[in-house]
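Here the structure comes first, spelled out in structure tokens, and everything after it is commentary.
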Amino acid sequence: MRNHLQVFAGIRSSLFWRTFFLLAFLITSSMAAWFISFKLVERKPRAQQQAGQIISMVTITRAALTHSAEDKRRELLLDLARNEGIRIYLLEENDKVEAQVDTVFFAELRLLVQKKLGATTQFAREVNGEEGFWLSFVIDEDQYWLRLEQDRLQNETGTQIIGWASITLILTLIGAVFISRRINAPLSNLSHAARQLAHGRRPKALPENGPSEIRETNASFNQMVDDLARSESDRAVILAGISHDLRTPLTRLQLELEMAPVDSTTREAMQSDLTQMDGIIQQFLDYAKPLHESTFNNVNLSAVAEKTIQDLQRDGSIKLKTQIDTGIFITGIEIEIQRLLNNLIQNAIRYARNPKTGQIHLEFECSFSEHPTKPMSTIRLRDSGPGIPVEEIDRLLRPFTRGEVARSQANGSGLGLAIVDRIVKRHGGKIRLQNHKDGGLEIEIQLSAQCTSR
């Protein structure tokens, strides 16, 4: 049931289907209005035509029976039944009569016939169990039934119109599909390119042809993509230069520190500062590092998570609870996934000590699940720290943003979670931060799983 609802929601939100259903509604409404108008306009002429046929049949039959010799009447009646489908019966008082269905068309027809044949003319669709189109007429004060086959007077115009209208509607709706697709194709291509750009990939250049609005929009988008690529390249070059220019004096300072006549406590403090500065520079480079889709391949997420946890378990001061499903594979870059996990854990270790005990408790989970649309892998990390004010949660994924606990510490650049968010977006995933109901911050990341060997 959920799958059907999601498919329906997707159809309802699609511009292509909205355009198609709008065209289909307009076409169907126009054809329905035309059909109703046609039926209203042609009803009276059709009733007049059929009334004229019926009156002619009755008049001719009456004249033939009146002026024919009595010994020839039987042959005449047989001839009318055989050649014209007209049968004549004597009207009896005990006849079992079932009246015609009183439709608007029949009411029009009855008035026209009774106007010519008399107000006493009766109509029936069944007499004594025999169906047909029955009407009465008088010959020398004797009443008779004239019976015609029902299909003799059945109007085929409505059926034919409905048939032709159905064929026309189907062909028109097929045309509406192509029209909708052609109208929405440029916007669909633009939407697809924008999604690729949002995931950190450079899309193919959009075709700059078609209507002027489409050409101008696609040209502007292509120019924006080129400007962003150039800006990204320039930023990487600038940061690489800054890194080189900063790391050279840092290396020189480390060498001078080793040779300086200072006590061990001062040396360790200065080395810690230099290491912290080098780590901040590396975070800048990690955040600005460009990513190319061509480097994507199959990554064993379970193996990467296992290795990260094994490295973490060597630290006896961290209490760790893990659950890692085996055989989870995703499409991505292994070194980026390693950086994502390391940043998550280092961020938790740095800022998530329990405010009461001073210890670090982490819960790490890497699981596989079958979603309605595609399989997903979920990475979940929960710490036992003080958590984060709700109003600051959305800000933590922005570059150079730090929480209150982080601001009270000297180390850190405010890029840890921003790098995590950027890697997740590059891999087409989603990240969610929330305070756990039992305390601490919980981070959940969902990535599309290519396959699983479980």
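Residue numbers start at 1 in each chain; chains themselves are named A, B, ... in the order of the structure tokens; ligands are numbered from 1 in the order shown.
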Determine, counting only C-alpha atoms, which protein, DNA and RNA residues have an atom within 10 Å of an atom of A:Gly439; residues of the same chain fewer than 6 positions away are not included. Present the result as a list in words.
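My list of contacting residues is Asn354, Arg382, Asp383, Ser384, Gly385, Pro386, Gly387 and Ile388 of chain A.
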Could those residues be written to a file, using N, CA and C atoms, as a CSV table (one decimal), in the first residue's frame?
chain,number,residue,atom,x,y,z
A,354,ASN,N,30.8,12.8,28.8
A,354,ASN,CA,29.6,12.9,29.7
A,354,ASN,C,29.9,14.0,30.7
A,382,ARG,N,25.9,7.8,18.1
A,382,ARG,CA,25.3,8.5,19.3
A,382,ARG,C,26.3,8.6,20.4
A,383,ASP,N,26.4,9.8,21.0
A,383,ASP,CA,27.4,10.0,22.1
A,383,ASP,C,26.6,10.2,23.4
A,384,SER,N,27.4,10.3,24.4
A,384,SER,CA,26.8,10.5,25.8
A,384,SER,C,27.0,11.9,26.3
A,385,GLY,N,27.3,12.9,25.4
A,385,GLY,CA,27.6,14.2,25.8
A,385,GLY,C,26.4,15.0,26.2
A,386,PRO,N,26.6,16.3,26.4
A,386,PRO,CA,25.5,17.2,26.8
A,386,PRO,C,24.4,17.5,25.7
A,387,GLY,N,24.7,17.1,24.5
A,387,GLY,CA,23.8,17.4,23.4
A,387,GLY,C,24.0,18.8,22.9
A,388,ILE,N,23.1,19.3,22.1
A,388,ILE,CA,23.2,20.6,21.5
A,388,ILE,C,21.8,21.3,21.6
Could you pull out all residues of stretch 45-289 of chain A with a DSSP call of strand (DSSP E or B) and give them as a ChimeraX atom specification?
/A:86-90,97-98,123-127,130-139,142-148
Considering only C-alpha atoms, can you say which of A:Ser369, A:Thr357, A:Ser302, A:Ser212 comes closest to A:Leu341?
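Closest candidate: A:Ser302.
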Hey, what's within 8 Å of stretch 96-107 of chain A if we count only C-alpha atoms and toss same-chain stuff fewer than 3 positions away? As a ChimeraX atom specification, please?
/A:43-44,47,110-111,123-129
Can those selected residues be exported to a file as a PDB file, in the first residue's frame so that it contains N, CA and C atoms?
ATOM      1  N   ARG A  43     -31.301  16.622 -31.589  1.00  0.00           N
ATOM      2  CA  ARG A  43     -32.384  15.787 -31.104  1.00  0.00           C
ATOM      3  C   ARG A  43     -33.703  16.067 -31.831  1.00  0.00           C
ATOM      4  N   LYS A  44     -34.038  17.336 -31.976  1.00  0.00           N
ATOM      5  CA  LYS A  44     -35.327  17.662 -32.609  1.00  0.00           C
ATOM      6  C   LYS A  44     -35.356  17.281 -34.086  1.00  0.00           C
ATOM      7  N   ALA A  47     -35.793  13.555 -34.225  1.00  0.00           N
ATOM      8  CA  ALA A  47     -37.155  13.149 -33.873  1.00  0.00           C
ATOM      9  C   ALA A  47     -38.123  13.429 -35.013  1.00  0.00           C
ATOM     10  N   ARG A 110     -43.119  11.274 -29.678  1.00  0.00           N
ATOM     11  CA  ARG A 110     -44.538  10.989 -29.432  1.00  0.00           C
ATOM     12  C   ARG A 110     -45.411  12.199 -29.761  1.00  0.00           C
ATOM     13  N   LEU A 111     -44.991  13.384 -29.390  1.00  0.00           N
ATOM     14  CA  LEU A 111     -45.774  14.577 -29.687  1.00  0.00           C
ATOM     15  C   LEU A 111     -45.944  14.776 -31.188  1.00  0.00           C
ATOM     16  N   PHE A 123     -48.342   3.959 -27.718  1.00  0.00           N
ATOM     17  CA  PHE A 123     -46.983   3.459 -27.988  1.00  0.00           C
ATOM     18  C   PHE A 123     -46.644   2.389 -26.955  1.00  0.00           C
ATOM     19  N   ALA A 124     -45.896   1.400 -27.372  1.00  0.00           N
ATOM     20  CA  ALA A 124     -45.472   0.338 -26.448  1.00  0.00           C
ATOM     21  C   ALA A 124     -44.157  -0.251 -26.950  1.00  0.00           C
ATOM     22  N   ARG A 125     -43.400  -0.816 -26.006  1.00  0.00           N
ATOM     23  CA  ARG A 125     -42.176  -1.514 -26.410  1.00  0.00           C
ATOM     24  C   ARG A 125     -42.333  -3.026 -26.302  1.00  0.00           C
ATOM     25  N   GLU A 126     -43.500  -3.456 -25.698  1.00  0.00           N
ATOM     26  CA  GLU A 126     -43.765  -4.894 -25.608  1.00  0.00           C
ATOM     27  C   GLU A 126     -45.271  -5.103 -25.511  1.00  0.00           C
ATOM     28  N   VAL A 127     -45.829  -5.971 -26.344  1.00  0.00           N
ATOM     29  CA  VAL A 127     -47.258  -6.313 -26.326  1.00  0.00           C
ATOM     30  C   VAL A 127     -47.378  -7.829 -26.309  1.00  0.00           C
ATOM     31  N   ASN A 128     -48.052  -8.314 -25.284  1.00  0.00           N
ATOM     32  CA  ASN A 128     -48.248  -9.761 -25.119  1.00  0.00           C
ATOM     33  C   ASN A 128     -46.911 -10.520 -25.155  1.00  0.00           C
ATOM     34  N   GLY A 129     -45.916  -9.942 -24.522  1.00  0.00           N
ATOM     35  CA  GLY A 129     -44.622 -10.601 -24.412  1.00  0.00           C
ATOM     36  C   GLY A 129     -43.720 -10.492 -25.625  1.00  0.00           C
TER      37      GLY A 129
END
